[in-house]
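One file, run30.cif, is given below (mmCIF, C-alpha atoms).
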data_my_file
#
loop_
_atom_site.label_atom_id
_atom_site.label_comp_id
_atom_site.auth_asym_id
_atom_site.auth_seq_id
_atom_site.Cartn_x
_atom_site.Cartn_y
_atom_site.Cartn_z
CA MET U 8 0.00 0.00 0.00
CA ASN U 9 2.80 2.41 0.92
CA GLU U 10 4.55 1.71 -2.40
CA TYR U 11 1.29 2.36 -4.28
CA ILE U 12 0.90 5.73 -2.54
CA ASN U 13 4.53 6.64 -3.24
CA ASN U 14 4.10 5.73 -6.92
CA PHE U 15 0.83 7.61 -7.17
CA PHE U 16 2.31 10.77 -5.66
CA SER U 17 5.34 10.80 -7.91
CA PHE U 18 6.31 12.95 -10.84
CA PRO U 19 7.84 11.61 -14.05
CA GLU U 20 11.62 11.86 -14.32
CA LEU U 21 11.24 12.83 -17.96
CA ILE U 22 8.54 14.98 -19.53
CA ASN U 23 7.58 15.32 -23.17
CA GLU U 24 8.27 18.98 -23.97
CA ILE U 25 5.38 19.04 -26.44
CA SER U 26 2.96 17.91 -23.73
CA ALA U 27 4.32 20.50 -21.30
CA ARG U 28 3.76 23.25 -23.85
CA PHE U 29 0.17 22.15 -24.51
CA VAL U 30 -0.55 21.99 -20.77
CA ALA U 31 0.81 25.55 -20.53
CA LEU U 32 -1.54 26.52 -23.37
CA GLY U 33 -4.42 25.03 -21.37
CA VAL U 34 -3.38 27.16 -18.41
CA VAL U 35 -3.40 30.25 -20.64
CA LEU U 36 -6.84 29.36 -22.01
CA LEU U 37 -8.18 28.91 -18.47
CA SER U 38 -6.43 31.98 -17.06
CA ILE U 39 -7.68 34.48 -19.64
CA PRO U 40 -11.38 34.07 -18.72
CA THR U 41 -10.29 34.08 -15.08
CA LEU U 42 -8.68 37.47 -15.65
CA LEU U 43 -11.78 38.79 -17.41
CA LEU U 44 -14.01 37.58 -14.56
CA LEU U 45 -11.67 39.17 -12.01
CA LEU U 46 -11.84 42.45 -13.92
CA ASN U 47 -15.65 42.29 -13.77
CA ASN U 48 -15.64 41.17 -10.12
CA SER U 49 -17.85 38.23 -11.09
CA ASN U 50 -18.67 35.41 -8.70
CA TYR U 51 -18.13 32.94 -11.56
CA VAL U 52 -14.41 33.53 -11.07
CA TYR U 53 -14.47 31.01 -8.21
CA ILE U 54 -15.11 28.19 -10.67
CA PHE U 55 -12.11 29.14 -12.79
CA LEU U 56 -9.85 29.80 -9.81
CA SER U 57 -10.80 26.41 -8.35
CA CYS U 58 -9.95 24.72 -11.64
CA LEU U 59 -6.58 26.49 -11.80
CA VAL U 60 -5.67 25.63 -8.21
CA TYR U 61 -6.81 22.02 -8.55
CA GLY U 62 -4.98 21.55 -11.86
CA PHE U 63 -1.69 22.84 -10.52
CA LEU U 64 -2.08 20.88 -7.28
CA ALA U 65 -2.85 17.69 -9.22
CA ARG U 66 0.16 18.11 -11.51
CA VAL U 67 2.55 19.01 -8.68
CA SER U 68 1.42 16.11 -6.50
CA SER U 69 1.28 13.33 -9.09
CA GLY U 70 2.12 14.55 -12.57
CA PRO U 71 -0.59 14.01 -15.18
CA LYS U 72 -2.38 11.19 -13.31
CA ILE U 73 -5.28 13.23 -11.86
CA SER U 74 -5.11 16.46 -13.84
CA PRO U 75 -7.90 16.52 -16.44
CA LEU U 76 -5.91 18.97 -18.57
CA ALA U 77 -2.68 16.94 -18.44
CA LEU U 78 -4.56 13.68 -19.06
CA PHE U 79 -6.27 15.16 -22.13
CA VAL U 80 -2.95 16.47 -23.45
CA THR U 81 -0.85 13.35 -22.77
CA LYS U 82 -3.39 10.64 -23.59
CA PHE U 83 -5.36 12.21 -26.45
CA LEU U 84 -3.99 15.41 -27.98
CA VAL U 85 -0.25 14.78 -28.25
CA PRO U 86 -0.60 11.15 -29.48
CA LYS U 87 -2.90 12.46 -32.27
CA LEU U 88 -0.15 14.84 -33.41
CA ASN U 89 2.12 11.89 -34.22
CA ARG U 90 5.28 13.88 -33.50
CA PRO U 91 8.45 12.45 -31.96
CA GLU U 92 8.85 12.99 -28.23
CA ASN U 93 11.26 15.62 -26.98
CA LEU U 94 12.04 14.44 -23.46
CA VAL U 95 13.25 16.96 -20.88
CA PRO U 96 13.95 16.55 -17.14
CA GLY U 97 10.79 16.39 -15.01
CA PRO U 98 11.86 18.03 -11.72
CA PRO U 99 12.21 21.55 -13.21
CA LYS U 100 8.75 21.21 -14.77
CA ARG U 101 7.36 20.12 -11.39
CA PHE U 102 9.01 23.17 -9.84
CA ALA U 103 7.39 25.39 -12.50
CA GLN U 104 3.99 23.79 -11.74
CA ALA U 105 4.56 24.52 -8.04
CA ILE U 106 5.15 28.18 -8.86
CA GLY U 107 1.90 28.17 -10.84
CA LEU U 108 0.16 26.62 -7.83
CA ILE U 109 1.48 29.37 -5.57
CA PHE U 110 0.36 32.08 -7.99
CA SER U 111 -3.12 30.57 -8.39
CA ILE U 112 -3.55 30.16 -4.62
CA PHE U 113 -2.44 33.72 -3.94
CA THR U 114 -4.69 35.01 -6.72
CA THR U 115 -7.60 33.28 -5.01
CA VAL U 116 -6.66 34.52 -1.53
CA PHE U 117 -6.23 38.13 -2.64
CA PHE U 118 -9.53 38.03 -4.51
CA LEU U 119 -11.28 36.63 -1.43
CA LEU U 120 -9.74 39.40 0.69
CA GLY U 121 -10.94 42.05 -1.74
CA PHE U 122 -7.49 42.96 -3.10
CA ASN U 123 -8.59 42.68 -6.70
CA VAL U 124 -5.71 44.68 -8.16
CA ILE U 125 -3.21 42.25 -6.66
CA ALA U 126 -5.27 39.24 -7.80
CA ILE U 127 -5.46 40.69 -11.33
CA SER U 128 -1.69 41.33 -11.31
CA LEU U 129 -0.92 37.77 -10.21
CA ILE U 130 -3.17 36.11 -12.78
CA SER U 131 -1.67 38.40 -15.45
CA ILE U 132 1.84 37.29 -14.50
CA LEU U 133 0.68 33.67 -14.65
CA ILE U 134 -0.69 34.28 -18.15
CA VAL U 135 2.59 35.83 -19.29
CA PHE U 136 4.76 32.97 -18.04
CA ALA U 137 2.40 30.21 -19.21
CA SER U 138 2.36 31.94 -22.62
CA LEU U 139 6.15 32.02 -22.73
CA GLU U 140 6.21 28.27 -22.06
CA SER U 141 3.42 27.49 -24.50
CA PHE U 142 4.30 29.67 -27.46
CA LEU U 143 8.09 30.03 -27.17
CA GLY U 144 9.12 26.97 -25.15
CA PHE U 145 10.70 29.24 -22.53
CA CYS U 146 10.20 27.74 -19.07
CA ALA U 147 11.06 30.47 -16.56
CA GLY U 148 10.51 28.06 -13.66
CA CYS U 149 13.06 25.72 -15.21
CA LYS U 150 15.58 28.57 -15.39
CA VAL U 151 14.97 29.40 -11.72
CA PHE U 152 15.31 25.70 -10.83
CA LYS U 153 18.66 25.50 -12.66
CA PHE U 154 19.86 28.68 -10.91
CA LEU U 155 18.84 27.32 -7.50
CA MET U 156 20.77 24.13 -8.28
CA HIS U 157 23.77 26.20 -9.36
CA ILE U 158 23.87 28.12 -6.07
CA GLY U 159 23.26 24.96 -4.03
CA LEU U 160 19.73 25.58 -2.74
CA ILE U 161 18.49 22.55 -4.68
CA PRO U 162 20.81 19.55 -4.30
CA ASN U 163 22.15 17.95 -7.50
CA ASN U 164 20.68 14.58 -6.54
CA ILE U 165 17.15 16.01 -7.00
CA CYS U 166 17.79 16.08 -10.74
CA GLU U 167 21.10 14.58 -11.88
CA ARG U 168 20.09 15.09 -15.53
CA CYS U 169 19.61 18.81 -14.88
CA ALA U 170 23.27 19.41 -14.03
CA ASN U 171 24.23 18.98 -17.69
CA TYR U 172 20.95 19.93 -19.33
CA LYS U 173 20.63 23.31 -21.06
CA PHE U 174 17.28 24.95 -20.26
#
What do you get writing this file as structure tokens?
Amino acid sequence: MNEYINNFFSFPELINEISARFVALGVVLLSIPTLLLLLNNSNYVYIFLSCLVYGFLARVSSGPKISPLALFVTKFLVPKLNRPENLVPGPPKRFAQAIGLIFSIFTTVFFLLGFNVIAISLISILIVFASLESFLGFCAGCKVFKFLMHIGLIPNNICERCANYKF
């Protein structure tokens, strides 16, 4: 049972870059209406914020296993494209998802507290960085991860592949 739980709450060592970019596109497509609802101070924003928080939490905790967006991308969309995989290290992508989780949680908290300008700013930043990943393949979280490894805040054994990988 313990091994099952450990396997369930694991993240892949390698990630298909194409899948990661499509998941980022899904985040952009979910975040834009969230931003519009925040701008209009609509109560429907809770639905979108909940989806964002859950999606990031699901991907951080167990990769694509329980994220509807990641499951759709990895099991349906990307296989239909029939393109060769481009495998990249998983831990930096997990780190980037964790940053997205933090941003989506804080967006929700600031909206609940009535600090709409801060919530709007945070969701806008999330849109920018998810767009960079999706459209340009630039993973800012991966760059931060690599920097934190370089200065020793993240030990090399967390991602041995990352030490030699160019992000």
- For the structure provided, state which residues fall under the PyMOL selection byres ((chain U and resi 67-81) around 9), and present them as a PyMOL selection string. chain U and resi 14-19+23+26-27+29-30+33-34+61-66+82-86+100-105+108
When you look at Leu119 (chain U) with a cut-off of 10 Å (counting only C-alpha atoms), what residues show up, excluding the ones that are within fewer than 6 positions of it in the same chain? I need them as a ChimeraX atom specification.
/U:53,113,126
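Using all atoms listed in the file for every distance, the candidate list U:Ile39, U:Ala31, U:Val60, U:Ile165 yields U:Val60 as the residue closest to Ser111 (chain U).
Compared by their closest atoms to Leu88 (chain U), and using all atoms listed in the file, the residues U:Ile25, U:Val35, U:Leu42, U:Ile161 rank with U:Ile25 nearest.
Taking CA of Val95 (chain U) as the reference point, CA of Cys166 (chain U) is found at 11.1 Å.
The spacing separating CA of Phe55 (chain U) from CA of Phe142 (chain U) amounts to 22.0 Å.
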Residue nearest Phe154 (chain U) among U:Pro91, U:Pro99, U:Gly107, U:Pro40 (counting all atoms listed in the file)
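Between U:Pro91, U:Pro99, U:Gly107, U:Pro40, the residue approaching Phe154 (chain U) most closely is U:Pro99.
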Counting all atoms listed in the file, the residue among U:Cys149, U:Leu32, U:Ile106, U:Ile54 that lies closest to Ala137 (chain U) is U:Leu32
key: Among listed residues U:Leu139, U:Val151, U:Ile132, U:Val124, nearest Asn48 (chain U) (using only C-alpha atoms)   =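 Using only C-alpha atoms, Asn48 (chain U) sits closest to U:Val124.
Picture a line from CA of Phe152 (chain U) to CA of Cys169 (chain U); it runs 9.1 Å.
In terms of minimum interatomic distance to Arg168 (chain U), U:Pro98 ranks closest within U:Val116, U:Ile125, U:Pro98, U:Leu43, counting all atoms listed in the file.
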* For the structure provided, state which residues fall under the PyMOL selection byres ((chain U and resi 93) around 6), and present them as an MDAnalysis selection string. => chainID U and resid 23:24 92 94
Just add N, CA, C and O atoms to region 47-65 of chain U and send it as a PDB file, in the frame of the given file.
ATOM      1  N   ASN U  47     -14.221  41.968 -13.932  1.00  0.00           N
ATOM      2  CA  ASN U  47     -15.650  42.290 -13.770  1.00  0.00           C
ATOM      3  C   ASN U  47     -16.171  41.966 -12.369  1.00  0.00           C
ATOM      4  O   ASN U  47     -17.370  42.112 -12.122  1.00  0.00           O
ATOM      5  N   ASN U  48     -15.268  41.505 -11.502  1.00  0.00           N
ATOM      6  CA  ASN U  48     -15.640  41.170 -10.120  1.00  0.00           C
ATOM      7  C   ASN U  48     -16.813  40.179 -10.074  1.00  0.00           C
ATOM      8  O   ASN U  48     -17.717  40.288  -9.263  1.00  0.00           O
ATOM      9  N   SER U  49     -16.770  39.201 -10.957  1.00  0.00           N
ATOM     10  CA  SER U  49     -17.850  38.230 -11.090  1.00  0.00           C
ATOM     11  C   SER U  49     -17.651  37.055 -10.122  1.00  0.00           C
ATOM     12  O   SER U  49     -16.533  36.598  -9.900  1.00  0.00           O
ATOM     13  N   ASN U  50     -18.748  36.563  -9.580  1.00  0.00           N
ATOM     14  CA  ASN U  50     -18.670  35.410  -8.700  1.00  0.00           C
ATOM     15  C   ASN U  50     -18.320  34.123  -9.455  1.00  0.00           C
ATOM     16  O   ASN U  50     -17.896  33.146  -8.848  1.00  0.00           O
ATOM     17  N   TYR U  51     -18.496  34.110 -10.769  1.00  0.00           N
ATOM     18  CA  TYR U  51     -18.130  32.940 -11.560  1.00  0.00           C
ATOM     19  C   TYR U  51     -16.615  32.685 -11.541  1.00  0.00           C
ATOM     20  O   TYR U  51     -16.161  31.614 -11.914  1.00  0.00           O
ATOM     21  N   VAL U  52     -15.863  33.674 -11.126  1.00  0.00           N
ATOM     22  CA  VAL U  52     -14.410  33.530 -11.070  1.00  0.00           C
ATOM     23  C   VAL U  52     -13.999  32.387 -10.146  1.00  0.00           C
ATOM     24  O   VAL U  52     -12.969  31.750 -10.355  1.00  0.00           O
ATOM     25  N   TYR U  53     -14.816  32.092  -9.143  1.00  0.00           N
ATOM     26  CA  TYR U  53     -14.470  31.010  -8.210  1.00  0.00           C
ATOM     27  C   TYR U  53     -14.347  29.674  -8.923  1.00  0.00           C
ATOM     28  O   TYR U  53     -13.501  28.850  -8.558  1.00  0.00           O
ATOM     29  N   ILE U  54     -15.170  29.444  -9.916  1.00  0.00           N
ATOM     30  CA  ILE U  54     -15.110  28.190 -10.670  1.00  0.00           C
ATOM     31  C   ILE U  54     -13.763  28.077 -11.387  1.00  0.00           C
ATOM     32  O   ILE U  54     -13.083  27.052 -11.306  1.00  0.00           O
ATOM     33  N   PHE U  55     -13.360  29.154 -12.039  1.00  0.00           N
ATOM     34  CA  PHE U  55     -12.110  29.140 -12.790  1.00  0.00           C
ATOM     35  C   PHE U  55     -10.897  29.091 -11.868  1.00  0.00           C
ATOM     36  O   PHE U  55      -9.944  28.366 -12.147  1.00  0.00           O
ATOM     37  N   LEU U  56     -10.954  29.844 -10.767  1.00  0.00           N
ATOM     38  CA  LEU U  56      -9.850  29.800  -9.810  1.00  0.00           C
ATOM     39  C   LEU U  56      -9.711  28.408  -9.208  1.00  0.00           C
ATOM     40  O   LEU U  56      -8.593  27.896  -9.046  1.00  0.00           O
ATOM     41  N   SER U  57     -10.835  27.776  -8.897  1.00  0.00           N
ATOM     42  CA  SER U  57     -10.800  26.410  -8.350  1.00  0.00           C
ATOM     43  C   SER U  57     -10.174  25.447  -9.348  1.00  0.00           C
ATOM     44  O   SER U  57      -9.374  24.581  -8.966  1.00  0.00           O
ATOM     45  N   CYS U  58     -10.520  25.593 -10.613  1.00  0.00           N
ATOM     46  CA  CYS U  58      -9.950  24.720 -11.640  1.00  0.00           C
ATOM     47  C   CYS U  58      -8.440  24.947 -11.775  1.00  0.00           C
ATOM     48  O   CYS U  58      -7.673  23.981 -11.920  1.00  0.00           O
ATOM     49  N   LEU U  59      -8.014  26.195 -11.727  1.00  0.00           N
ATOM     50  CA  LEU U  59      -6.580  26.490 -11.800  1.00  0.00           C
ATOM     51  C   LEU U  59      -5.834  25.884 -10.619  1.00  0.00           C
ATOM     52  O   LEU U  59      -4.820  25.204 -10.800  1.00  0.00           O
ATOM     53  N   VAL U  60      -6.329  26.143  -9.409  1.00  0.00           N
ATOM     54  CA  VAL U  60      -5.670  25.630  -8.210  1.00  0.00           C
ATOM     55  C   VAL U  60      -5.630  24.104  -8.238  1.00  0.00           C
ATOM     56  O   VAL U  60      -4.576  23.494  -8.009  1.00  0.00           O
ATOM     57  N   TYR U  61      -6.781  23.481  -8.525  1.00  0.00           N
ATOM     58  CA  TYR U  61      -6.810  22.020  -8.550  1.00  0.00           C
ATOM     59  C   TYR U  61      -5.845  21.466  -9.604  1.00  0.00           C
ATOM     60  O   TYR U  61      -5.106  20.520  -9.343  1.00  0.00           O
ATOM     61  N   GLY U  62      -5.851  22.044 -10.794  1.00  0.00           N
ATOM     62  CA  GLY U  62      -4.980  21.550 -11.860  1.00  0.00           C
ATOM     63  C   GLY U  62      -3.514  21.603 -11.485  1.00  0.00           C
ATOM     64  O   GLY U  62      -2.778  20.631 -11.674  1.00  0.00           O
ATOM     65  N   PHE U  63      -3.086  22.734 -10.943  1.00  0.00           N
ATOM     66  CA  PHE U  63      -1.690  22.840 -10.520  1.00  0.00           C
ATOM     67  C   PHE U  63      -1.386  21.876  -9.378  1.00  0.00           C
ATOM     68  O   PHE U  63      -0.347  21.207  -9.383  1.00  0.00           O
ATOM     69  N   LEU U  64      -2.281  21.792  -8.404  1.00  0.00           N
ATOM     70  CA  LEU U  64      -2.080  20.880  -7.280  1.00  0.00           C
ATOM     71  C   LEU U  64      -1.990  19.430  -7.764  1.00  0.00           C
ATOM     72  O   LEU U  64      -1.119  18.669  -7.334  1.00  0.00           O
ATOM     73  N   ALA U  65      -2.857  19.051  -8.676  1.00  0.00           N
ATOM     74  CA  ALA U  65      -2.850  17.690  -9.220  1.00  0.00           C
ATOM     75  C   ALA U  65      -1.535  17.399  -9.940  1.00  0.00           C
ATOM     76  O   ALA U  65      -0.938  16.333  -9.751  1.00  0.00           O
TER      77      ALA U  65
END
